[in-house]
>>> print(open('upload.pdb').read())   # PDB, C-alpha atoms
ATOM      1  CA  MET A   1     110.123  55.202  93.676  1.00  0.00           C
ATOM      2  CA  ILE A   2     112.682  52.733  94.896  1.00  0.00           C
ATOM      3  CA  SER A   3     113.182  49.463  93.058  1.00  0.00           C
ATOM      4  CA  GLY A   4     111.916  46.504  95.069  1.00  0.00           C
ATOM      5  CA  ARG A   5     114.810  44.383  93.823  1.00  0.00           C
ATOM      6  CA  PHE A   6     117.443  46.897  94.880  1.00  0.00           C
ATOM      7  CA  PHE A   7     115.704  47.638  98.188  1.00  0.00           C
ATOM      8  CA  GLU A   8     115.871  43.902  98.914  1.00  0.00           C
ATOM      9  CA  GLU A   9     119.560  43.691  97.959  1.00  0.00           C
ATOM     10  CA  VAL A  10     120.728  46.792  99.831  1.00  0.00           C
ATOM     11  CA  PHE A  11     118.464  47.035 102.886  1.00  0.00           C
ATOM     12  CA  VAL A  12     117.437  43.413 103.540  1.00  0.00           C
ATOM     13  CA  LYS A  13     120.368  41.317 102.295  1.00  0.00           C
ATOM     14  CA  GLU A  14     122.825  44.162 103.005  1.00  0.00           C
ATOM     15  CA  ILE A  15     125.055  43.320 100.058  1.00  0.00           C
ATOM     16  CA  TYR A  16     127.331  46.257 100.977  1.00  0.00           C
ATOM     17  CA  LYS A  17     127.645  45.248 104.634  1.00  0.00           C
ATOM     18  CA  PRO A  18     131.481  45.546 104.692  1.00  0.00           C
ATOM     19  CA  VAL A  19     130.973  49.336 104.443  1.00  0.00           C
ATOM     20  CA  ARG A  20     129.384  49.275 107.922  1.00  0.00           C
ATOM     21  CA  GLU A  21     132.716  48.066 109.329  1.00  0.00           C
ATOM     22  CA  LEU A  22     134.449  51.217 108.055  1.00  0.00           C
ATOM     23  CA  GLY A  23     132.749  53.332 110.732  1.00  0.00           C
ATOM     24  CA  GLN A  24     132.085  57.027 110.128  1.00  0.00           C
ATOM     25  CA  ILE A  25     132.781  57.947 106.508  1.00  0.00           C
ATOM     26  CA  LYS A  26     133.309  61.523 105.436  1.00  0.00           C
ATOM     27  CA  THR A  27     133.000  61.261 101.643  1.00  0.00           C
ATOM     28  CA  ILE A  28     131.346  58.624  99.433  1.00  0.00           C
ATOM     29  CA  ILE A  29     130.906  58.383  95.679  1.00  0.00           C
ATOM     30  CA  ASP A  30     127.961  56.159  94.749  1.00  0.00           C
ATOM     31  CA  CYS A  31     128.776  55.287  91.142  1.00  0.00           C
ATOM     32  CA  GLY A  32     125.772  53.622  89.537  1.00  0.00           C
ATOM     33  CA  ALA A  33     123.380  54.988  92.143  1.00  0.00           C
ATOM     34  CA  THR A  34     120.237  53.764  90.338  1.00  0.00           C
ATOM     35  CA  THR A  35     117.362  55.214  92.412  1.00  0.00           C
ATOM     36  CA  GLY A  36     119.537  55.875  95.479  1.00  0.00           C
ATOM     37  CA  GLU A  37     119.293  52.702  97.531  1.00  0.00           C
ATOM     38  CA  PHE A  38     122.963  52.574  98.588  1.00  0.00           C
ATOM     39  CA  SER A  39     123.088  56.335  99.209  1.00  0.00           C
ATOM     40  CA  LEU A  40     120.011  56.098 101.432  1.00  0.00           C
ATOM     41  CA  TRP A  41     121.341  53.021 103.239  1.00  0.00           C
ATOM     42  CA  VAL A  42     124.720  54.619 104.005  1.00  0.00           C
ATOM     43  CA  TYR A  43     123.308  58.110 104.700  1.00  0.00           C
ATOM     44  CA  PRO A  44     123.567  57.933 108.527  1.00  0.00           C
ATOM     45  CA  GLN A  45     127.212  56.850 108.256  1.00  0.00           C
ATOM     46  CA  ALA A  46     128.411  59.517 105.787  1.00  0.00           C
ATOM     47  CA  GLU A  47     128.976  63.266 105.723  1.00  0.00           C
ATOM     48  CA  VAL A  48     128.874  63.800 101.926  1.00  0.00           C
ATOM     49  CA  ILE A  49     127.555  61.496  99.188  1.00  0.00           C
ATOM     50  CA  TYR A  50     127.982  62.084  95.453  1.00  0.00           C
ATOM     51  CA  ALA A  51     125.356  59.880  93.753  1.00  0.00           C
ATOM     52  CA  VAL A  52     126.056  59.360  90.030  1.00  0.00           C
ATOM     53  CA  GLU A  53     123.514  57.808  87.650  1.00  0.00           C
ATOM     54  CA  PRO A  54     123.449  57.899  83.797  1.00  0.00           C
ATOM     55  CA  GLN A  55     120.037  56.367  83.109  1.00  0.00           C
ATOM     56  CA  TRP A  56     117.486  59.176  82.822  1.00  0.00           C
ATOM     57  CA  GLU A  57     114.482  57.493  84.440  1.00  0.00           C
ATOM     58  CA  ALA A  58     116.551  56.115  87.327  1.00  0.00           C
ATOM     59  CA  PHE A  59     118.177  59.525  87.809  1.00  0.00           C
ATOM     60  CA  ASN A  60     114.776  61.226  88.067  1.00  0.00           C
ATOM     61  CA  HIS A  61     113.755  58.797  90.817  1.00  0.00           C
ATOM     62  CA  LEU A  62     117.142  59.273  92.509  1.00  0.00           C
ATOM     63  CA  ALA A  63     116.758  63.065  92.500  1.00  0.00           C
ATOM     64  CA  GLU A  64     113.237  62.754  93.937  1.00  0.00           C
ATOM     65  CA  ASN A  65     114.306  60.223  96.588  1.00  0.00           C
ATOM     66  CA  VAL A  66     117.159  62.390  97.913  1.00  0.00           C
ATOM     67  CA  ARG A  67     115.754  65.896  97.411  1.00  0.00           C
ATOM     68  CA  ASP A  68     115.311  66.530 101.158  1.00  0.00           C
ATOM     69  CA  LEU A  69     118.616  64.921 102.167  1.00  0.00           C
ATOM     70  CA  PRO A  70     121.305  67.616 102.184  1.00  0.00           C
ATOM     71  CA  LYS A  71     124.252  65.209 102.400  1.00  0.00           C
ATOM     72  CA  ILE A  72     123.445  63.639  98.996  1.00  0.00           C
ATOM     73  CA  THR A  73     124.094  65.397  95.689  1.00  0.00           C
ATOM     74  CA  PRO A  74     122.768  63.581  92.588  1.00  0.00           C
ATOM     75  CA  PHE A  75     124.625  63.793  89.246  1.00  0.00           C
ATOM     76  CA  TYR A  76     123.160  62.874  85.871  1.00  0.00           C
ATOM     77  CA  LEU A  77     126.198  61.535  84.031  1.00  0.00           C
ATOM     78  CA  ALA A  78     128.250  58.410  83.393  1.00  0.00           C
ATOM     79  CA  ILE A  79     131.591  57.677  84.979  1.00  0.00           C
ATOM     80  CA  ALA A  80     133.548  56.034  82.162  1.00  0.00           C
ATOM     81  CA  GLY A  81     136.986  55.390  80.728  1.00  0.00           C
ATOM     82  CA  GLU A  82     137.135  58.743  78.920  1.00  0.00           C
ATOM     83  CA  ASN A  83     135.465  62.143  78.886  1.00  0.00           C
ATOM     84  CA  GLY A  84     132.779  62.838  76.276  1.00  0.00           C
ATOM     85  CA  HIS A  85     129.296  61.459  75.793  1.00  0.00           C
ATOM     86  CA  ARG A  86     127.984  57.917  76.045  1.00  0.00           C
ATOM     87  CA  GLY A  87     124.912  56.092  74.895  1.00  0.00           C
ATOM     88  CA  VAL A  88     122.926  54.400  77.636  1.00  0.00           C
ATOM     89  CA  TYR A  89     121.382  51.125  76.501  1.00  0.00           C
ATOM     90  CA  ASN A  90     118.397  49.305  77.989  1.00  0.00           C
ATOM     91  CA  LYS A  91     115.550  51.285  79.451  1.00  0.00           C
ATOM     92  CA  GLU A  92     115.077  48.964  82.439  1.00  0.00           C
ATOM     93  CA  ILE A  93     116.185  50.633  85.666  1.00  0.00           C
ATOM     94  CA  GLY A  94     119.228  49.004  87.199  1.00  0.00           C
ATOM     95  CA  THR A  95     120.347  47.040  84.160  1.00  0.00           C
ATOM     96  CA  SER A  96     121.422  49.822  81.826  1.00  0.00           C
ATOM     97  CA  ARG A  97     124.914  49.898  80.391  1.00  0.00           C
ATOM     98  CA  ILE A  98     126.955  52.578  78.678  1.00  0.00           C
ATOM     99  CA  ASP A  99     128.637  52.333  75.300  1.00  0.00           C
ATOM    100  CA  VAL A 100     130.766  54.605  73.119  1.00  0.00           C
ATOM    101  CA  THR A 101     128.710  54.117  70.001  1.00  0.00           C
ATOM    102  CA  GLU A 102     125.311  55.415  69.117  1.00  0.00           C
ATOM    103  CA  GLY A 103     122.803  53.090  67.561  1.00  0.00           C
ATOM    104  CA  GLU A 104     119.798  50.909  68.014  1.00  0.00           C
ATOM    105  CA  GLY A 105     118.830  50.293  71.606  1.00  0.00           C
ATOM    106  CA  ILE A 106     120.082  53.603  72.974  1.00  0.00           C
ATOM    107  CA  PHE A 107     117.700  54.964  75.551  1.00  0.00           C
ATOM    108  CA  ASN A 108     119.534  58.243  76.179  1.00  0.00           C
ATOM    109  CA  VAL A 109     122.898  59.945  75.599  1.00  0.00           C
ATOM    110  CA  VAL A 110     124.675  61.380  78.613  1.00  0.00           C
ATOM    111  CA  LYS A 111     127.855  63.273  79.448  1.00  0.00           C
ATOM    112  CA  SER A 112     130.690  60.999  80.534  1.00  0.00           C
ATOM    113  CA  LEU A 113     133.678  61.741  82.752  1.00  0.00           C
ATOM    114  CA  THR A 114     136.541  59.671  84.040  1.00  0.00           C
ATOM    115  CA  LEU A 115     136.579  59.227  87.787  1.00  0.00           C
ATOM    116  CA  ALA A 116     139.574  61.594  88.079  1.00  0.00           C
ATOM    117  CA  SER A 117     137.797  64.254  85.984  1.00  0.00           C
ATOM    118  CA  PHE A 118     134.632  63.928  88.081  1.00  0.00           C
ATOM    119  CA  MET A 119     136.648  64.333  91.275  1.00  0.00           C
ATOM    120  CA  ASN A 120     138.532  67.336  89.871  1.00  0.00           C
ATOM    121  CA  GLU A 121     135.361  69.054  88.601  1.00  0.00           C
ATOM    122  CA  ASN A 122     133.744  68.697  92.024  1.00  0.00           C
ATOM    123  CA  ASN A 123     136.830  69.577  94.085  1.00  0.00           C
ATOM    124  CA  ILE A 124     136.848  66.164  95.760  1.00  0.00           C
ATOM    125  CA  SER A 125     140.263  65.816  97.370  1.00  0.00           C
ATOM    126  CA  PHE A 126     139.656  62.494  99.172  1.00  0.00           C
ATOM    127  CA  VAL A 127     137.074  59.705  99.014  1.00  0.00           C
ATOM    128  CA  ASP A 128     136.683  57.340 101.934  1.00  0.00           C
ATOM    129  CA  CYS A 129     134.578  54.891  99.915  1.00  0.00           C
ATOM    130  CA  LEU A 130     133.722  54.463  96.243  1.00  0.00           C
ATOM    131  CA  LYS A 131     130.738  52.178  95.712  1.00  0.00           C
ATOM    132  CA  ILE A 132     130.703  51.057  92.090  1.00  0.00           C
ATOM    133  CA  ASP A 133     128.042  49.005  90.312  1.00  0.00           C
ATOM    134  CA  VAL A 134     128.029  50.087  86.672  1.00  0.00           C
ATOM    135  CA  GLU A 135     127.052  46.968  84.747  1.00  0.00           C
ATOM    136  CA  SER A 136     130.488  46.001  83.378  1.00  0.00           C
ATOM    137  CA  ALA A 137     131.902  49.526  82.875  1.00  0.00           C
ATOM    138  CA  GLU A 138     134.104  48.994  85.946  1.00  0.00           C
ATOM    139  CA  LYS A 139     136.863  47.596  83.757  1.00  0.00           C
ATOM    140  CA  GLU A 140     137.144  50.709  81.561  1.00  0.00           C
ATOM    141  CA  ILE A 141     136.882  53.024  84.571  1.00  0.00           C
ATOM    142  CA  PHE A 142     139.756  51.311  86.381  1.00  0.00           C
ATOM    143  CA  GLN A 143     141.822  51.119  83.178  1.00  0.00           C
ATOM    144  CA  ALA A 144     141.389  54.822  82.294  1.00  0.00           C
ATOM    145  CA  THR A 145     144.710  56.602  81.756  1.00  0.00           C
ATOM    146  CA  ASP A 146     143.985  59.005  84.620  1.00  0.00           C
ATOM    147  CA  PHE A 147     142.633  56.400  87.067  1.00  0.00           C
ATOM    148  CA  PRO A 148     145.962  56.358  88.999  1.00  0.00           C
ATOM    149  CA  GLU A 149     145.339  60.048  89.809  1.00  0.00           C
ATOM    150  CA  ALA A 150     141.922  59.195  91.268  1.00  0.00           C
ATOM    151  CA  ALA A 151     143.132  56.011  92.973  1.00  0.00           C
ATOM    152  CA  LYS A 152     145.584  57.982  95.111  1.00  0.00           C
ATOM    153  CA  LYS A 153     142.590  59.784  96.630  1.00  0.00           C
ATOM    154  CA  ILE A 154     140.279  56.787  97.279  1.00  0.00           C
ATOM    155  CA  LYS A 155     140.730  54.669 100.402  1.00  0.00           C
ATOM    156  CA  TYR A 156     138.121  51.916  99.816  1.00  0.00           C
ATOM    157  CA  ILE A 157     136.305  50.609  96.746  1.00  0.00           C
ATOM    158  CA  ILE A 158     133.367  48.229  97.039  1.00  0.00           C
ATOM    159  CA  GLY A 159     131.567  46.713  94.089  1.00  0.00           C
ATOM    160  CA  GLU A 160     130.579  43.844  91.868  1.00  0.00           C
ATOM    161  CA  PRO A 161     133.056  42.659  89.230  1.00  0.00           C
ATOM    162  CA  HIS A 162     130.351  41.633  86.744  1.00  0.00           C
ATOM    163  CA  ASN A 163     132.280  39.855  83.968  1.00  0.00           C
ATOM    164  CA  HIS A 164     135.682  41.422  84.535  1.00  0.00           C
ATOM    165  CA  ALA A 165     136.975  40.199  87.905  1.00  0.00           C
ATOM    166  CA  GLU A 166     140.481  39.404  86.641  1.00  0.00           C
ATOM    167  CA  GLU A 167     140.981  42.715  84.806  1.00  0.00           C
ATOM    168  CA  ILE A 168     139.546  44.710  87.719  1.00  0.00           C
ATOM    169  CA  GLY A 169     141.825  42.893  90.139  1.00  0.00           C
ATOM    170  CA  ILE A 170     144.898  43.619  88.014  1.00  0.00           C
ATOM    171  CA  ALA A 171     144.018  47.317  87.621  1.00  0.00           C
ATOM    172  CA  LEU A 172     143.335  47.770  91.334  1.00  0.00           C
ATOM    173  CA  ARG A 173     146.473  45.915  92.458  1.00  0.00           C
ATOM    174  CA  GLN A 174     148.548  48.052  90.048  1.00  0.00           C
ATOM    175  CA  ASN A 175     147.204  51.067  91.941  1.00  0.00           C
ATOM    176  CA  ASP A 176     148.145  49.739  95.391  1.00  0.00           C
ATOM    177  CA  TYR A 177     144.844  48.170  96.419  1.00  0.00           C
ATOM    178  CA  GLU A 178     144.496  44.971  98.397  1.00  0.00           C
ATOM    179  CA  ILE A 179     141.332  43.111  97.371  1.00  0.00           C
ATOM    180  CA  SER A 180     139.101  40.910  99.503  1.00  0.00           C
ATOM    181  CA  ASN A 181     136.169  39.027  98.026  1.00  0.00           C
ATOM    182  CA  TYR A 182     132.973  38.444  99.952  1.00  0.00           C
ATOM    183  CA  ASP A 183     129.579  36.893  99.118  1.00  0.00           C
ATOM    184  CA  HIS A 184     128.305  39.741  96.946  1.00  0.00           C
ATOM    185  CA  GLY A 185     131.442  41.247  95.411  1.00  0.00           C
ATOM    186  CA  TYR A 186     134.744  42.690  96.518  1.00  0.00           C
ATOM    187  CA  ILE A 187     136.142  45.396  98.735  1.00  0.00           C
ATOM    188  CA  ALA A 188     139.498  46.930  97.873  1.00  0.00           C
ATOM    189  CA  ARG A 189     141.582  48.865 100.394  1.00  0.00           C
ATOM    190  CA  ARG A 190     144.346  51.208  99.324  1.00  0.00           C
ATOM    191  CA  THR A 191     147.550  50.133 101.035  1.00  0.00           C
ATOM    192  CA  ASN A 192     149.745  53.076 100.032  1.00  0.00           C
ATOM    193  CA  GLU A 193     148.413  56.267 101.609  1.00  0.00           C
TER     194      GLU A 193
END
>>> encode(input="upload.pdb", output="structure tokens")
Amino acid sequence: MISGRFFEEVFVKEIYKPVRELGQIKTIIDCGATTGEFSLWVYPQAEVIYAVEPQWEAFNHLAENVRDLPKITPFYLAIAGENGHRGVYNKEIGTSRIDVTEGEGIFNVVKSLTLASFMNENNISFVDCLKIDVESAEKEIFQATDFPEAAKKIKYIIGEPHNHAEEIGIALRQNDYEISNYDHGYIARRTNE
């Protein structure tokens, strides 16, 4: 199953179109992969895709959608501001968010890793493009104490700022990224390689 809404956004409207201008991409992290739309869309352009999704139902569809595609590896976990476990709120695919507390509204609890920890655990030495759409968790991810370690290894970041455009911009600029906005979000390019 692929969400009609996300199919429309990714394949028809091509909300991540600036990625096409990057040419051949060796390594991609699809953070907030949902059911795999971006990973599937960028598949011909990439060599390796790490697709990360914390919402159980979406992850199951993601795993099914990419099972015969050897360049995509799905991960059931949350990229967050710290390592541990996070509650995933809202059962609806594509609108779930993570939180540090457990309580009413939690759909599932999942392992969480910072971006640097995820890269270290998977021996990822360089990322050509990080696609990130994590329903407002971007801020905590980019403000994690070990984000500078990860940032040094990521050339491009493309995503939606949700409600934290200013904080995201500050965090990315502090880590030597130049940010360009476009119709559907932003693309950040690391200037210090």
>>> residues_near_point(input="upload.pdb", point="(131.0, 65.0, 93.2)", cutoff="12 Å", atoms="only C-alpha atoms", output="VMD selection string")
chain A and resid 27 to 31 48 to 53 71 to 77 79 113 to 127 130
>>> residues_around(input="upload.pdb", residues="Asn108 (chain A)", least_positions_apart="6", cutoff="9 Å", atoms="only C-alpha atoms", output="PyMOL selection string")
chain A and resi 54-56+86-89+91
>>> atom_distance(input="upload.pdb", atom1="CA of Glu160 (chain A)", atom2="CA of Val66 (chain A)")
23.7 Å
>>> resolve_selection(input="upload.pdb", expression="the PyMOL selection byres ((chain A and resi 180) around 12)", output="PDB file with C-alpha atoms, keeping the file's coordinate frame")
ATOM      1  CA  PRO A  18     131.481  45.546 104.692  1.00  0.00           C
ATOM      2  CA  TYR A 156     138.121  51.916  99.816  1.00  0.00           C
ATOM      3  CA  ILE A 157     136.305  50.609  96.746  1.00  0.00           C
ATOM      4  CA  ILE A 158     133.367  48.229  97.039  1.00  0.00           C
ATOM      5  CA  GLY A 159     131.567  46.713  94.089  1.00  0.00           C
ATOM      6  CA  GLU A 160     130.579  43.844  91.868  1.00  0.00           C
ATOM      7  CA  ALA A 165     136.975  40.199  87.905  1.00  0.00           C
ATOM      8  CA  GLY A 169     141.825  42.893  90.139  1.00  0.00           C
ATOM      9  CA  LEU A 172     143.335  47.770  91.334  1.00  0.00           C
ATOM     10  CA  ARG A 173     146.473  45.915  92.458  1.00  0.00           C
ATOM     11  CA  TYR A 177     144.844  48.170  96.419  1.00  0.00           C
ATOM     12  CA  GLU A 178     144.496  44.971  98.397  1.00  0.00           C
ATOM     13  CA  ILE A 179     141.332  43.111  97.371  1.00  0.00           C
ATOM     14  CA  ASN A 181     136.169  39.027  98.026  1.00  0.00           C
ATOM     15  CA  TYR A 182     132.973  38.444  99.952  1.00  0.00           C
ATOM     16  CA  ASP A 183     129.579  36.893  99.118  1.00  0.00           C
ATOM     17  CA  HIS A 184     128.305  39.741  96.946  1.00  0.00           C
ATOM     18  CA  GLY A 185     131.442  41.247  95.411  1.00  0.00           C
ATOM     19  CA  TYR A 186     134.744  42.690  96.518  1.00  0.00           C
ATOM     20  CA  ILE A 187     136.142  45.396  98.735  1.00  0.00           C
ATOM     21  CA  ALA A 188     139.498  46.930  97.873  1.00  0.00           C
ATOM     22  CA  ARG A 189     141.582  48.865 100.394  1.00  0.00           C
ATOM     23  CA  ARG A 190     144.346  51.208  99.324  1.00  0.00           C
TER      24      ARG A 190
END
>>> resolve_selection(input="upload.pdb", expression="the PyMOL selection byres ((chain A and resi 141) around 9)", output="PDB file with C-alpha atoms, in the coordinates of the input")
ATOM      1  CA  ILE A  79     131.591  57.677  84.979  1.00  0.00           C
ATOM      2  CA  ALA A  80     133.548  56.034  82.162  1.00  0.00           C
ATOM      3  CA  GLY A  81     136.986  55.390  80.728  1.00  0.00           C
ATOM      4  CA  GLU A  82     137.135  58.743  78.920  1.00  0.00           C
ATOM      5  CA  THR A 114     136.541  59.671  84.040  1.00  0.00           C
ATOM      6  CA  LEU A 115     136.579  59.227  87.787  1.00  0.00           C
ATOM      7  CA  ALA A 137     131.902  49.526  82.875  1.00  0.00           C
ATOM      8  CA  GLU A 138     134.104  48.994  85.946  1.00  0.00           C
ATOM      9  CA  LYS A 139     136.863  47.596  83.757  1.00  0.00           C
ATOM     10  CA  GLU A 140     137.144  50.709  81.561  1.00  0.00           C
ATOM     11  CA  PHE A 142     139.756  51.311  86.381  1.00  0.00           C
ATOM     12  CA  GLN A 143     141.822  51.119  83.178  1.00  0.00           C
ATOM     13  CA  ALA A 144     141.389  54.822  82.294  1.00  0.00           C
ATOM     14  CA  PHE A 147     142.633  56.400  87.067  1.00  0.00           C
TER      15      PHE A 147
END
>>> resolve_selection(input="upload.pdb", expression="the PyMOL selection byres ((chain A and resi 85) around 6)", output="PyMOL selection string")
chain A and resi 84+86+110-112
>>> atom_distance(input="upload.pdb", atom1="CA of Thr35 (chain A)", atom2="CA of Ala58 (chain A)")
5.2 Å
>>> closest_residue(input="upload.pdb", among="A:Asp128, A:Thr191, A:Asn175, A:Ile168", to="Glu149 (chain A)", atoms="only C-alpha atoms")
A:Asn175
>>> atom_distance(input="upload.pdb", atom1="CA of Asn60 (chain A)", atom2="CA of Gln24 (chain A)")
28.4 Å
>>> axis_aligned_box(input="upload.pdb", around="region 71-90 of chain A", padding_each_side="5 Å", output="lines of an AutoDock Vina configuration file")
center_x = 127.8
center_y = 57.4
center_z = 88.6
size_x = 28.7
size_y = 26.1
size_z = 37.5
>>> closest_residue(input="upload.pdb", among="A:Asp146, A:Glu57, A:Asp133, A:Glu47", to="Asn83 (chain A)", atoms="all atoms listed in the file")
A:Asp146
